[in-house]
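Novice: Pasting run-v6.txt here (compact mmCIF, C-alpha atoms):
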# COMPACT_ATOMS: atom_id res chain seq x y z
CA MET K 30 114.50 89.23 98.43
CA GLN K 31 115.80 92.03 96.20
CA ILE K 32 113.29 93.33 93.68
CA PRO K 33 114.72 95.40 90.82
CA SER K 34 111.98 98.03 90.82
CA THR K 35 110.76 100.31 93.59
CA LEU K 36 107.20 100.26 92.29
CA LEU K 37 107.16 96.47 92.14
CA GLU K 38 108.69 96.37 95.60
CA GLN K 39 105.95 98.65 96.99
CA ALA K 40 103.19 96.51 95.50
CA VAL K 41 104.81 93.36 96.92
CA THR K 42 105.08 95.01 100.35
CA GLU K 43 101.40 95.95 100.32
CA PHE K 44 100.24 92.47 99.27
CA ALA K 45 102.51 90.90 101.89
CA LYS K 46 100.64 92.81 104.61
CA LEU K 47 97.56 90.67 103.92
CA PRO K 48 97.05 87.66 106.20
CA GLY K 49 98.58 84.40 104.98
CA ILE K 50 100.51 86.11 102.15
CA GLY K 51 104.29 86.13 102.39
CA ARG K 52 106.68 88.05 100.15
CA LYS K 53 107.13 85.14 97.71
CA THR K 54 103.39 84.74 97.22
CA ALA K 55 103.00 88.52 97.00
CA LEU K 56 105.60 88.62 94.22
CA ARG K 57 103.73 85.88 92.33
CA LEU K 58 100.50 87.87 92.57
CA VAL K 59 102.17 91.09 91.45
CA LEU K 60 103.96 89.44 88.51
CA HIS K 61 100.63 87.89 87.51
CA LEU K 62 99.03 91.36 87.46
CA LEU K 63 101.97 92.66 85.41
CA LYS K 64 101.31 90.02 82.77
CA GLN K 65 97.59 90.83 82.55
CA GLU K 66 96.02 93.82 80.82
CA PRO K 67 96.31 97.04 82.88
CA GLY K 68 92.48 97.00 83.14
CA GLN K 69 92.71 94.02 85.47
CA SER K 70 94.84 95.93 87.99
CA ASP K 71 92.54 98.93 87.69
CA LEU K 72 89.52 96.76 88.48
CA LEU K 73 91.24 95.33 91.54
CA ALA K 74 92.37 98.75 92.80
CA ALA K 75 88.93 100.29 92.23
CA ALA K 76 87.13 97.37 93.90
CA VAL K 77 89.40 97.60 96.96
CA THR K 78 88.95 101.37 97.25
CA ARG K 79 85.17 101.32 96.80
CA MET K 80 84.75 98.35 99.13
CA ARG K 81 86.68 100.14 101.87
CA HIS K 82 85.14 103.59 101.48
CA GLU K 83 81.58 102.94 100.34
CA THR K 84 80.47 99.99 102.42
CA ARG K 85 79.09 100.69 105.88
CA LEU K 86 77.49 98.78 108.71
CA CYS K 87 73.77 98.08 108.56
CA GLN K 88 71.97 100.47 110.95
CA ARG K 89 69.89 97.65 112.33
CA CYS K 90 72.09 94.54 112.52
CA TYR K 91 75.67 95.82 111.97
CA ASN K 92 76.16 93.46 109.05
CA ILE K 93 78.07 94.87 106.07
CA ALA K 94 75.82 96.98 103.82
CA ASP K 95 75.99 99.08 100.66
CA GLY K 96 73.18 101.37 101.88
CA PRO K 97 71.63 102.19 105.26
CA LEU K 98 70.25 98.65 105.62
CA CYS K 99 71.83 95.34 104.61
CA PRO K 100 70.05 93.13 102.03
CA ILE K 101 68.85 90.81 104.80
CA CYS K 102 67.29 93.55 106.93
CA SER K 103 65.68 95.15 103.89
CA ASN K 104 64.21 91.84 102.71
CA PRO K 105 60.48 91.84 103.70
CA LEU K 106 60.42 88.00 103.61
CA ARG K 107 62.88 87.63 106.50
CA LYS K 108 61.38 87.25 109.97
CA LYS K 109 62.13 90.40 111.95
CA ASP K 110 61.36 88.94 115.39
CA LEU K 111 63.86 86.04 115.15
CA ILE K 112 67.41 87.29 115.65
CA CYS K 113 70.57 85.22 115.25
CA VAL K 114 73.43 86.76 117.26
CA VAL K 115 76.85 86.24 115.65
CA GLU K 116 80.36 87.49 116.22
CA SER K 117 81.31 88.64 112.72
CA ILE K 118 80.19 89.19 109.15
CA ARG K 119 81.97 85.95 108.24
CA ASP K 120 79.50 84.05 110.45
CA VAL K 121 76.55 85.73 108.70
CA ILE K 122 77.92 84.50 105.36
CA ALA K 123 78.48 80.97 106.76
CA ILE K 124 74.89 80.73 108.09
CA GLU K 125 73.40 82.27 104.94
CA ASN K 126 75.15 79.59 102.91
CA THR K 127 73.19 76.87 104.73
CA GLN K 128 69.95 78.47 103.36
CA GLN K 129 68.23 77.23 106.54
CA PHE K 130 67.71 80.49 108.39
CA SER K 131 64.91 82.90 107.55
CA GLY K 132 65.27 85.36 110.44
CA SER K 133 67.57 88.35 110.77
CA TYR K 134 71.00 88.77 112.34
CA HIS K 135 72.82 90.86 114.86
CA VAL K 136 76.59 91.17 114.40
CA LEU K 137 78.32 91.83 117.74
CA GLY K 138 81.65 92.73 116.15
CA GLY K 139 83.51 90.41 118.53
CA VAL K 140 83.05 88.73 121.90
CA ILE K 141 83.77 89.92 125.42
CA SER K 142 87.44 89.26 126.06
CA PRO K 143 88.96 91.23 128.97
CA LEU K 144 92.45 89.93 128.15
CA ASP K 145 92.26 91.58 124.71
CA GLY K 146 90.71 94.70 126.24
CA ILE K 147 87.30 94.03 124.68
CA GLY K 148 84.45 94.79 127.04
CA PRO K 149 80.68 94.96 126.38
CA ASP K 150 81.00 98.63 125.36
CA GLN K 151 83.21 97.81 122.39
CA LEU K 152 80.52 95.51 121.01
CA THR K 153 77.03 96.25 119.67
CA ILE K 154 75.32 94.80 122.75
CA GLU K 155 73.56 98.05 123.73
CA ALA K 156 72.13 98.32 120.22
CA LEU K 157 70.95 94.69 120.42
CA LEU K 158 69.14 95.27 123.73
CA LYS K 159 67.51 98.44 122.39
CA ARG K 160 66.51 96.65 119.20
CA ILE K 161 64.93 93.73 121.07
CA LYS K 162 62.83 96.14 123.11
CA GLU K 163 61.78 98.31 120.16
CA GLU K 164 61.08 95.49 117.74
CA ASP K 165 59.49 93.19 120.32
CA SER K 166 61.65 90.26 119.23
CA LYS K 167 60.42 86.74 120.00
CA GLU K 168 63.57 84.61 119.89
CA LEU K 169 67.30 85.13 120.12
CA ILE K 170 69.54 82.38 118.71
CA PHE K 171 73.15 82.61 119.82
CA ALA K 172 75.58 81.31 117.20
CA LEU K 173 78.83 82.21 118.93
CA ASN K 174 81.99 80.13 118.95
CA ALA K 175 82.14 77.66 121.83
CA THR K 176 84.97 79.43 123.65
CA ILE K 177 85.12 80.93 127.14
CA GLN K 178 84.77 84.37 125.53
CA GLY K 179 81.73 83.24 123.52
CA ASP K 180 80.07 81.77 126.61
CA THR K 181 80.85 84.88 128.67
CA THR K 182 79.21 87.05 126.03
CA LEU K 183 76.16 84.79 125.95
CA TYR K 184 75.72 84.91 129.73
CA TYR K 185 76.25 88.67 129.83
CA ILE K 186 73.54 89.33 127.26
CA GLN K 187 71.24 86.75 128.83
CA LYS K 188 71.53 88.45 132.20
CA LYS K 189 70.84 91.87 130.71
CA LEU K 190 67.68 90.48 129.09
CA GLN K 191 66.34 88.73 132.20
CA PRO K 192 63.32 90.95 132.91
CA GLN K 193 62.14 90.56 129.31
CA ALA K 194 60.09 87.65 128.05
CA ILE K 195 62.19 86.43 125.14
CA LYS K 196 63.16 82.90 124.19
CA ILE K 197 66.95 82.49 124.17
CA THR K 198 68.56 79.51 122.44
CA THR K 199 72.01 78.57 121.24
CA ILE K 200 72.98 76.47 118.22
CA ALA K 201 73.46 72.75 118.88
CA ARG K 202 76.95 71.50 119.71
CA GLY K 203 77.83 67.92 119.00
CA ILE K 204 79.61 65.51 116.75
CA SER K 205 79.69 66.98 113.26
CA PHE K 206 78.12 65.16 110.33
CA GLY K 207 80.54 62.56 109.02
CA GLY K 208 82.64 62.97 112.17
CA GLU K 209 83.82 59.79 113.85
CA LEU K 210 83.25 59.26 117.56
CA GLU K 211 86.74 57.98 118.27
CA TYR K 212 88.33 61.17 116.89
CA ALA K 213 85.98 63.64 118.63
CA ASP K 214 87.48 65.59 121.52
CA GLU K 215 86.21 64.73 125.01
CA MET K 216 84.49 68.09 125.54
CA THR K 217 82.41 67.74 122.38
CA LEU K 218 81.57 64.12 123.10
CA ALA K 219 80.65 64.92 126.71
CA ARG K 220 78.40 67.82 125.63
CA SER K 221 76.75 65.74 122.92
CA LEU K 222 75.86 63.08 125.51
CA GLN K 223 74.62 65.70 127.94
CA HIS K 224 72.40 67.33 125.29
CA ARG K 225 71.19 64.08 123.76
CA MET K 226 67.97 64.32 121.75
CA PRO K 227 64.89 62.08 121.62
CA VAL K 228 65.04 60.25 118.29
CA GLU K 229 61.49 61.30 117.31
CA GLN K 230 62.59 64.96 117.36
CA LEU K 231 65.14 64.37 114.61
CA LYS K 232 63.90 65.36 111.18
CA LEU K 233 65.69 62.73 109.11
CA MET L 1 78.93 81.75 98.64
CA GLN L 2 76.44 84.58 99.06
CA ILE L 3 77.96 87.87 100.16
CA PRO L 4 75.52 90.45 101.57
CA SER L 5 77.10 93.45 99.81
CA THR L 6 77.69 94.11 96.14
CA LEU L 7 80.86 96.10 96.85
CA LEU L 8 82.28 93.33 99.03
CA GLU L 9 81.31 90.80 96.39
CA GLN L 10 83.15 92.78 93.68
CA ALA L 11 86.32 93.01 95.78
CA VAL L 12 86.16 89.26 96.49
CA THR L 13 85.69 88.55 92.77
CA GLU L 14 88.75 90.64 91.87
CA PHE L 15 90.97 89.03 94.50
CA ALA L 16 89.77 85.57 93.46
CA LYS L 17 91.09 86.23 89.92
CA LEU L 18 94.64 86.13 91.30
CA PRO L 19 96.50 82.82 91.01
CA GLY L 20 96.14 80.46 93.98
CA ILE L 21 93.41 82.56 95.61
CA GLY L 22 89.95 81.05 95.84
CA ARG L 23 86.78 82.82 96.93
CA LYS L 24 87.16 81.79 100.57
CA THR L 25 90.70 83.16 100.77
CA ALA L 26 89.63 86.27 98.86
CA LEU L 27 86.87 86.87 101.40
CA ARG L 28 89.38 86.55 104.25
CA LEU L 29 91.66 89.13 102.60
CA VAL L 30 88.79 91.55 101.98
CA LEU L 31 87.41 91.22 105.52
CA HIS L 32 90.92 91.85 106.81
CA LEU L 33 91.12 95.08 104.78
CA LEU L 34 87.69 96.08 106.10
CA LYS L 35 88.97 95.77 109.68
CA GLN L 36 92.07 97.88 108.99
CA GLU L 37 92.19 101.65 108.63
CA PRO L 38 90.99 102.86 105.19
CA GLY L 39 94.55 104.09 104.55
CA GLN L 40 95.72 100.49 104.28
CA SER L 41 93.34 99.77 101.39
CA ASP L 42 94.30 103.05 99.75
CA LEU L 43 97.99 102.11 99.91
CA LEU L 44 97.28 98.72 98.33
CA ALA L 45 95.11 100.20 95.59
CA ALA L 46 97.65 102.94 94.81
CA ALA L 47 100.59 100.50 94.80
CA VAL L 48 98.77 98.16 92.39
CA THR L 49 97.81 101.00 90.05
CA ARG L 50 101.27 102.62 90.02
CA MET L 51 103.03 99.27 89.64
CA ARG L 52 100.92 98.40 86.62
CA HIS L 53 100.98 101.77 84.90
CA GLU L 54 104.37 103.22 85.76
CA THR L 55 106.73 100.27 85.51
CA ARG L 56 108.12 99.44 82.09
CA LEU L 57 110.59 97.04 80.56
CA CYS L 58 114.29 97.97 80.61
CA GLN L 59 115.31 99.13 77.11
CA ARG L 60 118.43 97.02 77.28
CA CYS L 61 117.58 93.76 79.06
CA TYR L 62 113.74 93.71 79.24
CA ASN L 63 113.83 93.34 83.01
CA ILE L 64 111.23 95.33 84.96
CA ALA L 65 112.28 98.97 85.41
CA ASP L 66 110.98 102.20 86.91
CA GLY L 67 112.86 104.31 84.34
CA PRO L 68 114.34 103.64 80.88
CA LEU L 69 116.99 101.29 82.34
CA CYS L 70 116.64 98.77 85.17
CA PRO L 71 118.82 99.19 88.31
CA ILE L 72 121.09 96.35 87.13
CA CYS L 73 121.76 97.85 83.68
CA SER L 74 122.31 101.31 85.13
CA ASN L 75 124.76 100.01 87.75
CA PRO L 76 128.32 100.82 86.50
CA LEU L 77 129.77 98.00 88.65
CA ARG L 78 127.95 95.26 86.74
CA LYS L 79 129.88 93.63 83.91
CA LYS L 80 128.25 94.63 80.64
CA ASP L 81 129.85 91.93 78.48
CA LEU L 82 128.60 88.98 80.53
CA ILE L 83 124.94 88.33 79.86
CA CYS L 84 122.75 85.81 81.67
CA VAL L 85 119.77 84.83 79.50
CA VAL L 86 116.62 84.05 81.51
CA GLU L 87 112.99 83.39 80.78
CA SER L 88 111.30 85.81 83.17
CA ILE L 89 111.73 88.60 85.72
CA ARG L 90 111.21 86.00 88.44
CA ASP L 91 114.42 84.26 87.33
CA VAL L 92 116.32 87.56 87.55
CA ILE L 93 115.15 87.96 91.15
CA ALA L 94 116.10 84.35 91.96
CA ILE L 95 119.63 84.75 90.58
CA GLU L 96 120.08 88.19 92.18
CA ASN L 97 119.25 86.62 95.55
CA THR L 98 122.26 84.31 95.26
CA GLN L 99 124.49 87.46 95.17
CA GLN L 100 126.89 85.43 92.99
CA PHE L 101 126.37 87.05 89.61
CA SER L 102 127.96 90.36 88.67
CA GLY L 103 127.05 90.50 84.98
CA SER L 104 123.85 91.74 83.34
CA TYR L 105 120.71 89.94 82.23
CA HIS L 106 118.53 89.46 79.20
CA VAL L 107 114.90 88.54 79.85
CA LEU L 108 113.44 86.58 76.92
CA GLY L 109 109.86 86.90 78.12
CA GLY L 110 109.26 83.17 77.63
CA VAL L 111 110.67 80.23 75.70
CA ILE L 112 109.96 78.95 72.20
CA SER L 113 106.90 76.72 72.45
CA PRO L 114 105.11 76.06 69.16
CA LEU L 115 102.28 74.22 70.94
CA ASP L 116 101.45 77.41 72.88
CA GLY L 117 101.88 79.51 69.73
CA ILE L 118 105.09 81.12 70.99
CA GLY L 119 107.72 81.48 68.27
CA PRO L 120 111.05 83.37 68.30
CA ASP L 121 109.28 86.55 67.19
CA GLN L 122 107.20 86.75 70.38
CA LEU L 123 110.40 86.75 72.46
CA THR L 124 113.17 89.33 72.77
CA ILE L 125 115.64 87.19 70.79
CA GLU L 126 116.16 89.78 68.00
CA ALA L 127 117.01 92.39 70.60
CA LEU L 128 119.46 90.00 72.27
CA LEU L 129 121.28 89.30 68.99
CA LYS L 130 121.45 93.01 68.19
CA ARG L 131 122.68 93.78 71.71
CA ILE L 132 125.44 91.13 71.57
CA LYS L 133 126.70 92.62 68.30
CA GLU L 134 126.54 96.24 69.44
CA GLU L 135 127.97 95.71 72.92
CA ASP L 136 130.58 93.16 71.83
CA SER L 137 129.55 90.73 74.60
CA LYS L 138 132.06 88.11 75.72
CA GLU L 139 129.94 85.40 77.32
CA LEU L 140 126.32 84.29 77.30
CA ILE L 141 125.13 82.17 80.23
CA PHE L 142 121.84 80.40 79.59
CA ALA L 143 119.80 79.95 82.77
CA LEU L 144 116.65 78.50 81.21
CA ASN L 145 114.51 75.77 82.69
CA ALA L 146 115.61 72.26 81.65
CA THR L 147 112.56 71.56 79.50
CA ILE L 148 112.25 70.74 75.82
CA GLN L 149 111.13 74.34 75.25
CA GLY L 150 114.11 75.71 77.17
CA ASP L 151 116.53 73.53 75.23
CA THR L 152 114.90 74.46 71.91
CA THR L 153 115.30 78.14 72.73
CA LEU L 154 118.94 77.62 73.69
CA TYR L 155 119.74 75.81 70.41
CA TYR L 156 117.85 78.38 68.35
CA ILE L 157 119.82 81.28 69.82
CA GLN L 158 123.10 79.33 69.64
CA LYS L 159 122.53 78.66 65.95
CA LYS L 160 121.74 82.31 65.23
CA LEU L 161 125.00 83.29 66.97
CA GLN L 162 127.21 80.80 65.17
CA PRO L 163 129.25 83.19 63.01
CA GLN L 164 130.11 85.29 66.09
CA ALA L 165 132.93 84.53 68.49
CA ILE L 166 131.12 84.44 71.82
CA LYS L 167 131.41 81.94 74.62
CA ILE L 168 128.08 80.22 75.32
CA THR L 169 127.50 78.34 78.57
CA THR L 170 124.55 77.01 80.50
CA ILE L 171 124.08 76.71 84.27
CA ALA L 172 125.08 73.37 85.79
CA ARG L 173 122.43 70.69 86.22
CA GLY L 174 122.84 68.04 88.87
CA ILE L 175 121.82 66.83 92.26
CA SER L 176 120.82 69.81 94.37
CA PHE L 177 122.64 70.60 97.61
CA GLY L 178 121.19 68.48 100.39
CA GLY L 179 119.40 66.31 97.81
CA GLU L 180 119.66 62.58 98.28
CA LEU L 181 120.81 60.36 95.42
CA GLU L 182 118.13 57.74 95.92
CA TYR L 183 115.35 60.31 95.50
CA ALA L 184 116.82 62.09 92.46
CA ASP L 185 115.05 61.45 89.17
CA GLU L 186 116.90 59.36 86.58
CA MET L 187 117.34 62.23 84.12
CA THR L 188 119.05 64.46 86.71
CA LEU L 189 121.22 61.63 87.98
CA ALA L 190 122.20 60.60 84.44
CA ARG L 191 123.10 64.18 83.51
CA SER L 192 125.08 64.70 86.71
CA LEU L 193 127.16 61.60 85.91
CA GLN L 194 127.64 62.69 82.32
CA HIS L 195 128.80 66.18 83.38
CA ARG L 196 130.93 65.01 86.31
CA MET L 197 133.60 67.47 87.47
CA PRO L 198 137.24 66.95 88.48
CA VAL L 199 137.40 67.35 92.26
CA GLU L 200 140.20 69.92 92.10
CA GLN L 201 137.87 72.28 90.15
CA LEU L 202 135.40 72.42 93.04
CA LYS L 203 135.78 75.49 95.21
CA LEU L 204 134.83 74.01 98.57
Turn this file's structure into structure tokens for me.
Specialist:
Amino acid sequence: MQIPSTLLEQAVTEFAKLPGIGRKTALRLVLHLLKQEPGQSDLLAAAVTRMRHETRLCQRCYNIADGPLCPICSNPLRKKDLICVVESIRDVIAIENTQQFSGSYHVLGGVISPLDGIGPDQLTIEALLKRIKEEDSKELIFALNATIQGDTTLYYIQKKLQPQAIKITTIARGISFGGELEYADEMTLARSLQHRMPVEQLKL
Amino acid sequence: MQIPSTLLEQAVTEFAKLPGIGRKTALRLVLHLLKQEPGQSDLLAAAVTRMRHETRLCQRCYNIADGPLCPICSNPLRKKDLICVVESIRDVIAIENTQQFSGSYHVLGGVISPLDGIGPDQLTIEALLKRIKEEDSKELIFALNATIQGDTTLYYIQKKLQPQAIKITTIARGISFGGELEYADEMTLARSLQHRMPVEQLKL
């Protein structure tokens, strides 16, 4: 695609580096910005720059933060001794959106995956272990993806914690709400049978 | 969607203002930028700012340009007396990609659409008429969309040009290459019958 302006071309190239955005979509975005007031482009550019340079990771849970602590860690109403271990910031946002969790988080920054060259040292596992000891945490809820890497990470951390008296749980796996049995994969169906629950425990 | 950082939230909001990008997609883009080196975000921000502030419209054809004239108008190999009239910069790029047109362009900036409050004065029609007179153009090819607004614009300009001896044509409408007759809409099929071509004229 030939673009009759070097500056336009550069903007298209930069947008096209973003995931899921090809050159045609990038051109549509750039031409949209060209049609808007210049202030709109300035806002976008400033927001991108500030977001990248001024955000940091929360000292305690490695979630994204504007200051030393993220809003969840600095909220006195959140339970400090209940920690939900997640892979990424995206998972924190997903769980926060359920409005069902009142504890705090720990963002690992990935899962152990030797094939991708990610070992325990690349993740925030040391910080988690130190934090559990210092804060005397009561329960650790693992909310990792149900992959081999996720399970490996869970077992690794569990093993490291063994001498300590802490309750370790993982989020329930099963047929999703509204999901139909006949379309569920065998693994999910098998696990949901294996981890069946007494009906009286269900809060309907 | 609650985002645990005001700076992240602002970046998501700005991305979500772009066409076809919702808040979920915007979040994915922003988290991608967060994972990359800061230089990546700086490049994007700089490209957006420069594109919006330093590009201008070509003095001659109103295409996008980095200087006073666009690369097409400043190219001595392009025929100056053959003008293709289009609605937007996007159409210039589409026609340039065919590599079949060696004339120059005139970007109207829209089509006459009274319902949207767009009259001839909001478009670059005056400049086109002036340019045709000054440059002694030979042919005008209309490549406007086949809508009522496109047709209205074509007739308006044609009428304004009537005293002048200039050839006026419009791009061919018909069944697209690879298109199947049974799926073509009636209007297209009717027009393609009406404007049928002698077989010997086809350059196969």
Novice: Over all C-alpha pairs taken in order, what is the RMSD once chain L has been least-squares superposed onto chain K?
Specialist: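 The optimal C-alpha superposition leaves an RMSD of 0.1 Å.
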Novice: Neighbours of range 146-155 of chain L within 12 Å (only C-alpha atoms; same-chain residues fewer than 4 positions away dropped), as an MDAnalysis selection string?
Specialist: chainID L and resid 85:87 108:121 123:125 140:142 159:162 168:174 187:188 191
Novice: Write the residues you've just listed into a file as a PDB file, in the frame of the given file, and include C-alpha atoms for each of them.
Specialist:
ATOM      1  CA  VAL L  85     119.770  84.830  79.500  1.00  0.00           C
ATOM      2  CA  VAL L  86     116.620  84.050  81.510  1.00  0.00           C
ATOM      3  CA  GLU L  87     112.990  83.390  80.780  1.00  0.00           C
ATOM      4  CA  LEU L 108     113.440  86.580  76.920  1.00  0.00           C
ATOM      5  CA  GLY L 109     109.860  86.900  78.120  1.00  0.00           C
ATOM      6  CA  GLY L 110     109.260  83.170  77.630  1.00  0.00           C
ATOM      7  CA  VAL L 111     110.670  80.230  75.700  1.00  0.00           C
ATOM      8  CA  ILE L 112     109.960  78.950  72.200  1.00  0.00           C
ATOM      9  CA  SER L 113     106.900  76.720  72.450  1.00  0.00           C
ATOM     10  CA  PRO L 114     105.110  76.060  69.160  1.00  0.00           C
ATOM     11  CA  LEU L 115     102.280  74.220  70.940  1.00  0.00           C
ATOM     12  CA  ASP L 116     101.450  77.410  72.880  1.00  0.00           C
ATOM     13  CA  GLY L 117     101.880  79.510  69.730  1.00  0.00           C
ATOM     14  CA  ILE L 118     105.090  81.120  70.990  1.00  0.00           C
ATOM     15  CA  GLY L 119     107.720  81.480  68.270  1.00  0.00           C
ATOM     16  CA  PRO L 120     111.050  83.370  68.300  1.00  0.00           C
ATOM     17  CA  ASP L 121     109.280  86.550  67.190  1.00  0.00           C
ATOM     18  CA  LEU L 123     110.400  86.750  72.460  1.00  0.00           C
ATOM     19  CA  THR L 124     113.170  89.330  72.770  1.00  0.00           C
ATOM     20  CA  ILE L 125     115.640  87.190  70.790  1.00  0.00           C
ATOM     21  CA  LEU L 140     126.320  84.290  77.300  1.00  0.00           C
ATOM     22  CA  ILE L 141     125.130  82.170  80.230  1.00  0.00           C
ATOM     23  CA  PHE L 142     121.840  80.400  79.590  1.00  0.00           C
ATOM     24  CA  LYS L 159     122.530  78.660  65.950  1.00  0.00           C
ATOM     25  CA  LYS L 160     121.740  82.310  65.230  1.00  0.00           C
ATOM     26  CA  LEU L 161     125.000  83.290  66.970  1.00  0.00           C
ATOM     27  CA  GLN L 162     127.210  80.800  65.170  1.00  0.00           C
ATOM     28  CA  ILE L 168     128.080  80.220  75.320  1.00  0.00           C
ATOM     29  CA  THR L 169     127.500  78.340  78.570  1.00  0.00           C
ATOM     30  CA  THR L 170     124.550  77.010  80.500  1.00  0.00           C
ATOM     31  CA  ILE L 171     124.080  76.710  84.270  1.00  0.00           C
ATOM     32  CA  ALA L 172     125.080  73.370  85.790  1.00  0.00           C
ATOM     33  CA  ARG L 173     122.430  70.690  86.220  1.00  0.00           C
ATOM     34  CA  GLY L 174     122.840  68.040  88.870  1.00  0.00           C
ATOM     35  CA  MET L 187     117.340  62.230  84.120  1.00  0.00           C
ATOM     36  CA  THR L 188     119.050  64.460  86.710  1.00  0.00           C
ATOM     37  CA  ARG L 191     123.100  64.180  83.510  1.00  0.00           C
TER      38      ARG L 191
END
Novice: Looking at all atoms listed in the file, which of L:Ile72, L:Gln194, L:Val12, L:Ser41 is the one that sits closest to Gln59 in chain L?
Specialist: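 When distances to Gln59 in chain L are compared using all atoms listed in the file, the smallest one comes from L:Ile72.
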Novice: Find the residues around Arg85 in chain K up to 9 Å (all atoms listed in the file counted), leave out those fewer than 6 positions away in its own chain, and share them as a list of chain:residue names.
Specialist: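 The residues that qualify are K:Tyr91, K:Asn92, K:Ile93, K:Ala94, K:Asp95, K:Gly96, K:Pro97.
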Novice: Restricting the calculation to all atoms listed in the file, which member of L:Gln2, L:Leu34, L:Leu128, L:Gly103 is positioned closest to Leu86 in chain K?
Specialist: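 Among the listed residues, the smallest separation from Leu86 in chain K belongs to L:Leu34.
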Novice: Considering all atoms listed in the file, state which residue in the set K:Glu38, K:Glu43, K:Glu164, K:Glu229 is at the smallest distance from chain L.
Specialist: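 Nearest candidate to chain L out of K:Glu38, K:Glu43, K:Glu164, K:Glu229: K:Glu43.
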Novice: Would you mind listing what lies within 9 Å of range 119-127 of chain K as a ChimeraX atom specification, with only C-alpha atoms counted and same-chain residues fewer than 2 positions away left out?
Specialist: /K:92,113,115-117,129-131,134-136,172-173 /L:1-4,27-28,31
Novice: Check every residue of chain K for an atom within 6 Å of chain L, counting all atoms listed in the file, and provide those that qualify as a ChimeraX atom specification.
Specialist: /K:34,36-37,40,43,63,73-74,76-77,80-81,94-95
Novice: Could you jot down the CA of Leu82 in chain L to CA of Glu139 in chain L separation for me, Å, one decimal place?
Specialist: 5.0 Å
